[in-house]
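Below is one structure; the comments refer to it alone.
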Amino acid sequence: MPITSAHAAALYDRVRSVIPPIEWPAFTDDIDAILDLKRRRNAVILAHNYQTPEIFHCVADIVGDSLALARKAMAVEADVIVLAGVHFMAETAKLLNPQKTVLIPDLRAGCSLADSITAEDIRLLRQRYPGVPVVTYVNTSAEVKAESDICCTSGNAKAVVESLGVPQVIMLPDEYLAENIAAQTDVQIIAWKGHCEVHERFTPADIRQLREDHPGVTVLAHPECPPEVVAEADFSGSTAAMSDYVGSKKPSRVVLMTECSMSDNVALAHPEIEFIRPCNLCPHMKRITLANIRIALEENQHVVTIAPEIAQRARLAVERMLAI
Ligand code: 13P
Ligand code: SF4
């Protein structure tokens with residue numbers, strides 16, 4: 001059943017301030033097909049805050065940060081989940097929905113943090129620090145999660161670390177997230193040297209320049225940014241926390257030191273706020289397009305599978321996090 005022109009116009013209203021009219025016709029055919037395929041296949045699309053506006057605002061059913069996507073994945077009743085995000089997010093959705101079909105539209109949608117550590121690295125760390133619990137960022141493979149005691153996201157990392165009631169934890173793989181959390185807690189944190197290729201590129205000099213060029217600007221930084229960047233920002237939090245900050249504090253001018261689509265998606269909800277836009281693109285998030293979401297649903301690709309013995313242990317680490 002094709003979308004009506006009234007429906008297409010309503011969808012365009014959601015994104016008109018970030019998608020020029022000349023570009024919109026290039027999206028409508030895929031949007032039409034995806035909405036139809038979702039109905040026919042009883043599918044839902046989970047989209048991360050870094051997905052482009054035509055995905056985030058026009059075809060996604062559930063949107064949010066990594067924590068929200070994991071929580072909401074638990075309650076999905078559809079037969080098929082398409083993860084518009086990166087591979088570790090699709091694996092997390094599969095861990096929480098072992099009976100459902102979980103699709104990732106492009107297998108190359110990886111993550112520099114997930115690539116920075118292996119299951120063998122964790123086994124070696126455990127030998128080096130016997131008895132110290134391992135807190136693993138969700139931006140990791142299922143194999144790495146399976147070697148971990150508990151997972152965390154940028155939205156709950158401090159609460160997870162403190163929930164263990166121990167003086168020392170290993171927190172991996174993001175060195176900067178670990179350092180940013182260490183600055184907020186008495187728990188001693190042993191870090192790993194992984195970095196997000198998007199957030200590691202922001203510098204304190206960027207922030208100083210922004211404040212000079214845009215007087216009064218409020219600077220929000222993701223905790224995957226280096227600690228010296230977070231120290232110069234006005235607020236640091238997960239993508240959902242940054243979005244909530246904008247919604248509740250309503251700064252007149254704001255800059256989000258994070259992935260580019262985030263500003264587009266948040267700006268659409270707050271036309272009265274001026275968004276300053278230096279940002280960095282995540283090449284992995286940008287692998288996902290309307291065209292490959294459509295193909296994923298048409299051809300049932302790429303199906304996410306996790307070996308049962310890995311899935312069982314990885315699921316425990318994710319479930320322990322969600323129980324906090
Ligand atoms: P959050 O949405 O959990 O803040 O994560 C950011 C990120 O970089 C995900 O890849
Ligand atoms: Fe990974 Fe960074 Fe891209 Fe998120 S933004 S998927 S942490 S590389």
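Residues in the structure tokens are named by chain (A, B, ... in the order shown) and by number from 1 within that chain; ligands are numbered from 1 in the order shown.
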For this session: Using backbone DSSP assignments, extract all strand (DSSP E or B) residues from segment 84-280 of chain A; output them as a PyMOL selection string.
Result: chain A and resi 84+101-103+134-137+150-152+168-172+174+188-191+194+218-221+235-236+253-257+259+274-276+280
Problem set entry | Arg208 of chain A surroundings by only C-alpha atoms, 12 Å radius, close-in-sequence under 4 positions cut, as a PyMOL selection string | chain A and resi 202-204+212-219+228-229+231-233
For this session: Give the answer as one residue: which of A:Ala314, A:Leu35, A:Ala323, A:Ala183 has the shortest atom-to-atom distance to Ala146 of chain A, using only C-alpha atoms?
Result: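 The shortest atom-to-atom distance to Ala146 of chain A comes from A:Ala314.
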Exercise. Ala267 of chain A: which residues within 10 Å, counting only C-alpha atoms, same-chain residues fewer than 2 positions away excluded, as a list in words?
Worked result: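 The residues satisfying every condition are Val15, Ser17, Val18, Ser243, Val246, Val254, Ser261, Met262, Ser263, Asp264, Asn265, Ala269, His270, Pro271, Glu272, Ile273, Glu274 and Phe275 of chain A.
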Exercise. Out of A:His302, A:Arg277, A:Arg40, A:His48, which residue has the shortest atom-to-atom distance to ligand 2 when counting only C-alpha atoms and all ligand atoms?
Worked result: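 Smallest distance to ligand 2 is found for A:His48.
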Nearby residues, ligand 2, 8 Å, only C-alpha atoms and all ligand atoms, as a PDB file with C-alpha atoms, in the first residue's frame:
```pdb
ATOM      1  CA  TYR A  50      23.362   9.264  14.994  1.00  0.00           C
ATOM      2  CA  GLY A  85      22.961   1.719  13.878  1.00  0.00           C
ATOM      3  CA  VAL A  86      26.168  -0.263  14.160  1.00  0.00           C
ATOM      4  CA  ALA A 109      28.822  -0.807  10.101  1.00  0.00           C
ATOM      5  CA  GLY A 110      31.434  -1.419  12.782  1.00  0.00           C
ATOM      6  CA  CYS A 111      32.982   0.722  15.509  1.00  0.00           C
ATOM      7  CA  SER A 112      36.586   1.686  16.325  1.00  0.00           C
ATOM      8  CA  LEU A 113      35.952   0.952  19.999  1.00  0.00           C
ATOM      9  CA  ALA A 114      34.572  -2.525  19.312  1.00  0.00           C
ATOM     10  CA  ASN A 139      30.472  -0.816  22.118  1.00  0.00           C
ATOM     11  CA  HIS A 195      39.166   5.348  21.396  1.00  0.00           C
ATOM     12  CA  CYS A 196      36.148   6.413  19.388  1.00  0.00           C
ATOM     13  CA  GLU A 197      37.460   7.696  16.065  1.00  0.00           C
ATOM     14  CA  VAL A 198      34.711  10.330  15.984  1.00  0.00           C
ATOM     15  CA  HIS A 199      35.049  11.813  19.477  1.00  0.00           C
ATOM     16  CA  GLU A 224      33.830   9.491  24.602  1.00  0.00           C
ATOM     17  CA  THR A 258      29.544  14.558  18.813  1.00  0.00           C
ATOM     18  CA  GLU A 259      28.422  12.920  15.577  1.00  0.00           C
ATOM     19  CA  LEU A 281      30.846  12.037  10.888  1.00  0.00           C
ATOM     20  CA  CYS A 282      30.887   8.403  12.009  1.00  0.00           C
ATOM     21  CA  PRO A 283      31.630   6.450   8.817  1.00  0.00           C
ATOM     22  CA  HIS A 284      30.129   3.315  10.377  1.00  0.00           C
ATOM     23  CA  MET A 285      26.800   4.907  11.299  1.00  0.00           C
TER      24      MET A 285
END
```
For this session: Please provide the set of residues having any atom within 8 Å of Ile189 of chain A, restricted to only C-alpha atoms, with same-chain residues fewer than 2 positions apart removed, written as a ChimeraX atom specification.
Result: /A:168-171,178-179,182,187,191
Using only all heavy atoms, please write the residues we just selected to a file, as a compact mmCIF listing (two decimals), in the first residue's frame.
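Here's the written file selection_0.txt:
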```txt
# COMPACT_ATOMS: atom_id res chain seq x y z
N GLN A 168 38.01 -1.24 43.07
CA GLN A 168 38.74 -1.16 41.80
C GLN A 168 37.99 -1.96 40.72
O GLN A 168 37.52 -3.07 41.00
CB GLN A 168 40.13 -1.78 42.02
CG GLN A 168 41.11 -1.52 40.92
CD GLN A 168 42.45 -2.18 41.20
OE1 GLN A 168 42.50 -3.35 41.62
NE2 GLN A 168 43.52 -1.45 40.95
N VAL A 169 37.88 -1.40 39.52
CA VAL A 169 37.30 -2.16 38.40
C VAL A 169 38.18 -1.97 37.16
O VAL A 169 38.90 -0.99 37.04
CB VAL A 169 35.85 -1.71 38.04
CG1 VAL A 169 34.91 -1.83 39.24
CG2 VAL A 169 35.83 -0.29 37.49
N ILE A 170 38.07 -2.94 36.27
CA ILE A 170 38.64 -2.77 34.93
C ILE A 170 37.49 -2.26 34.08
O ILE A 170 36.40 -2.84 34.09
CB ILE A 170 39.15 -4.12 34.37
CG1 ILE A 170 40.26 -4.67 35.27
CG2 ILE A 170 39.63 -3.97 32.94
CD1 ILE A 170 40.61 -6.13 35.00
N MET A 171 37.71 -1.14 33.37
CA MET A 171 36.63 -0.60 32.53
C MET A 171 37.17 -0.44 31.12
O MET A 171 38.15 0.28 30.90
CB MET A 171 36.19 0.75 33.08
CG MET A 171 34.98 1.28 32.38
SD MET A 171 34.46 2.80 33.17
CE MET A 171 33.19 3.26 32.01
N ALA A 178 36.51 5.91 30.43
CA ALA A 178 37.00 5.42 31.73
C ALA A 178 37.58 6.59 32.54
O ALA A 178 37.29 6.73 33.74
CB ALA A 178 38.05 4.34 31.51
N GLU A 179 38.35 7.45 31.90
CA GLU A 179 38.95 8.58 32.62
C GLU A 179 37.87 9.59 33.04
O GLU A 179 37.93 10.16 34.13
CB GLU A 179 39.99 9.28 31.73
CG GLU A 179 41.26 8.44 31.58
CD GLU A 179 42.28 9.03 30.60
OE1 GLU A 179 42.02 10.10 30.00
OE2 GLU A 179 43.33 8.40 30.43
N ALA A 182 36.19 8.05 35.96
CA ALA A 182 37.10 8.04 37.12
C ALA A 182 37.09 9.40 37.83
O ALA A 182 37.23 9.47 39.05
CB ALA A 182 38.52 7.69 36.67
N VAL A 187 35.83 5.00 42.95
CA VAL A 187 36.28 3.68 42.50
C VAL A 187 37.49 3.86 41.59
O VAL A 187 37.47 4.71 40.68
CB VAL A 187 35.15 2.94 41.74
CG1 VAL A 187 35.63 1.56 41.27
CG2 VAL A 187 33.90 2.82 42.60
N ALA A 191 42.00 1.26 32.91
CA ALA A 191 41.42 1.51 31.58
C ALA A 191 42.16 0.73 30.49
O ALA A 191 43.22 0.14 30.71
CB ALA A 191 41.45 3.00 31.28
```
Problem set entry | Residues near Pro25 of chain A, cut-off 12 Å, only C-alpha atoms, skip fewer than 3 positions along chain, as a ChimeraX atom specification | /A:5,8-9,11-12,19-22,28-32,54
Exercise. Which chains and residue numbers are within 7 Å of ligand 1, counting only C-alpha atoms and all ligand atoms, if I want them as an MDAnalysis selection string?
Worked result: chainID A and resid 48:49 64:67 139 153:155 222 238:240
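Distance-wise, atom CA of Lys193 of chain A and atom CA of Leu210 of chain A end up 28.3 Å apart.
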Exercise. DSSP on the backbone: what in segment 111-162 of chain A comes out alpha helix (DSSP H), as a PyMOL selection string?
Worked result: chain A and resi 119-128+142-146+157-162
Selection from above, N, CA and C atoms, as a PDB file, in the first residue's frame, can you write it?
```
ATOM      1  N   ALA A 119      38.327 -10.847  22.977  1.00  0.00           N
ATOM      2  CA  ALA A 119      38.044 -11.680  24.158  1.00  0.00           C
ATOM      3  C   ALA A 119      39.347 -12.135  24.813  1.00  0.00           C
ATOM      4  N   GLU A 120      40.356 -12.436  23.989  1.00  0.00           N
ATOM      5  CA  GLU A 120      41.648 -12.872  24.527  1.00  0.00           C
ATOM      6  C   GLU A 120      42.294 -11.758  25.365  1.00  0.00           C
ATOM      7  N   ASP A 121      42.144 -10.502  24.927  1.00  0.00           N
ATOM      8  CA  ASP A 121      42.683  -9.375  25.714  1.00  0.00           C
ATOM      9  C   ASP A 121      42.084  -9.391  27.127  1.00  0.00           C
ATOM     10  N   ILE A 122      40.798  -9.669  27.218  1.00  0.00           N
ATOM     11  CA  ILE A 122      40.158  -9.657  28.555  1.00  0.00           C
ATOM     12  C   ILE A 122      40.672 -10.814  29.397  1.00  0.00           C
ATOM     13  N   ARG A 123      40.848 -11.960  28.773  1.00  0.00           N
ATOM     14  CA  ARG A 123      41.375 -13.110  29.551  1.00  0.00           C
ATOM     15  C   ARG A 123      42.764 -12.754  30.102  1.00  0.00           C
ATOM     16  N   LEU A 124      43.571 -12.064  29.317  1.00  0.00           N
ATOM     17  CA  LEU A 124      44.912 -11.674  29.789  1.00  0.00           C
ATOM     18  C   LEU A 124      44.809 -10.622  30.908  1.00  0.00           C
ATOM     19  N   LEU A 125      43.876  -9.695  30.757  1.00  0.00           N
ATOM     20  CA  LEU A 125      43.695  -8.681  31.809  1.00  0.00           C
ATOM     21  C   LEU A 125      43.285  -9.335  33.128  1.00  0.00           C
ATOM     22  N   ARG A 126      42.449 -10.342  33.031  1.00  0.00           N
ATOM     23  CA  ARG A 126      41.999 -11.026  34.263  1.00  0.00           C
ATOM     24  C   ARG A 126      43.172 -11.728  34.949  1.00  0.00           C
ATOM     25  N   GLN A 127      44.104 -12.249  34.136  1.00  0.00           N
ATOM     26  CA  GLN A 127      45.297 -12.873  34.741  1.00  0.00           C
ATOM     27  C   GLN A 127      46.148 -11.816  35.434  1.00  0.00           C
ATOM     28  N   ARG A 128      46.204 -10.654  34.813  1.00  0.00           N
ATOM     29  CA  ARG A 128      47.054  -9.590  35.367  1.00  0.00           C
ATOM     30  C   ARG A 128      46.430  -8.952  36.610  1.00  0.00           C
ATOM     31  N   ALA A 142      30.040  -9.400  20.906  1.00  0.00           N
ATOM     32  CA  ALA A 142      29.412 -10.352  21.844  1.00  0.00           C
ATOM     33  C   ALA A 142      30.486 -11.214  22.517  1.00  0.00           C
ATOM     34  N   GLU A 143      31.563 -11.543  21.792  1.00  0.00           N
ATOM     35  CA  GLU A 143      32.644 -12.367  22.375  1.00  0.00           C
ATOM     36  C   GLU A 143      33.279 -11.642  23.555  1.00  0.00           C
ATOM     37  N   VAL A 144      33.479 -10.340  23.409  1.00  0.00           N
ATOM     38  CA  VAL A 144      34.069  -9.544  24.497  1.00  0.00           C
ATOM     39  C   VAL A 144      33.069  -9.430  25.658  1.00  0.00           C
ATOM     40  N   LYS A 145      31.819  -9.194  25.342  1.00  0.00           N
ATOM     41  CA  LYS A 145      30.801  -9.120  26.419  1.00  0.00           C
ATOM     42  C   LYS A 145      30.763 -10.437  27.196  1.00  0.00           C
ATOM     43  N   ALA A 146      30.934 -11.543  26.473  1.00  0.00           N
ATOM     44  CA  ALA A 146      30.852 -12.868  27.123  1.00  0.00           C
ATOM     45  C   ALA A 146      31.949 -13.056  28.172  1.00  0.00           C
ATOM     46  N   ALA A 157      27.328   4.479  33.045  1.00  0.00           N
ATOM     47  CA  ALA A 157      28.640   3.922  33.404  1.00  0.00           C
ATOM     48  C   ALA A 157      28.980   4.141  34.883  1.00  0.00           C
ATOM     49  N   LYS A 158      28.727   5.348  35.406  1.00  0.00           N
ATOM     50  CA  LYS A 158      29.070   5.627  36.812  1.00  0.00           C
ATOM     51  C   LYS A 158      28.226   4.728  37.731  1.00  0.00           C
ATOM     52  N   ALA A 159      26.942   4.642  37.456  1.00  0.00           N
ATOM     53  CA  ALA A 159      26.052   3.818  38.291  1.00  0.00           C
ATOM     54  C   ALA A 159      26.480   2.355  38.241  1.00  0.00           C
ATOM     55  N   VAL A 160      26.870   1.873  37.064  1.00  0.00           N
ATOM     56  CA  VAL A 160      27.291   0.470  36.938  1.00  0.00           C
ATOM     57  C   VAL A 160      28.560   0.234  37.744  1.00  0.00           C
ATOM     58  N   VAL A 161      29.552   1.117  37.581  1.00  0.00           N
ATOM     59  CA  VAL A 161      30.834   0.959  38.290  1.00  0.00           C
ATOM     60  C   VAL A 161      30.583   0.945  39.805  1.00  0.00           C
ATOM     61  N   GLU A 162      29.733   1.853  40.275  1.00  0.00           N
ATOM     62  CA  GLU A 162      29.517   1.965  41.722  1.00  0.00           C
ATOM     63  C   GLU A 162      28.614   0.853  42.252  1.00  0.00           C
TER      64      GLU A 162
END
```
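Candidate residues A:Ser252, A:Ser116, A:Thr140, A:Asn300 were compared for distance to Ala43 of chain A, and the nearest is A:Asn300, using only C-alpha atoms.
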Exercise. Looking at A:Val134, A:Ala93, A:Cys279, A:Ala26, which one is nearest to Val255 of chain A, with distances taken over only C-alpha atoms?
Worked result: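 Of the candidates, the smallest distance to Val255 of chain A is held by A:Cys279.
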Exercise. Nearest to Val135 of chain A among A:Met242, A:Tyr176, A:His87, A:Ser163, with distances taken over only C-alpha atoms: which residue is it?
Worked result: A:Ser163
Exercise. Could you name the residues that touch Ala90 of chain A at 12 Å or less, counting only C-alpha atoms, but leaving out those on the same chain fewer than 3 positions away, as an NGL selection string?
Worked result: :A and (45-48 or 66 or 69-70 or 73 or 80-87 or 93-98 or 100-107 or 109-110 or 138-142 or 302-306)
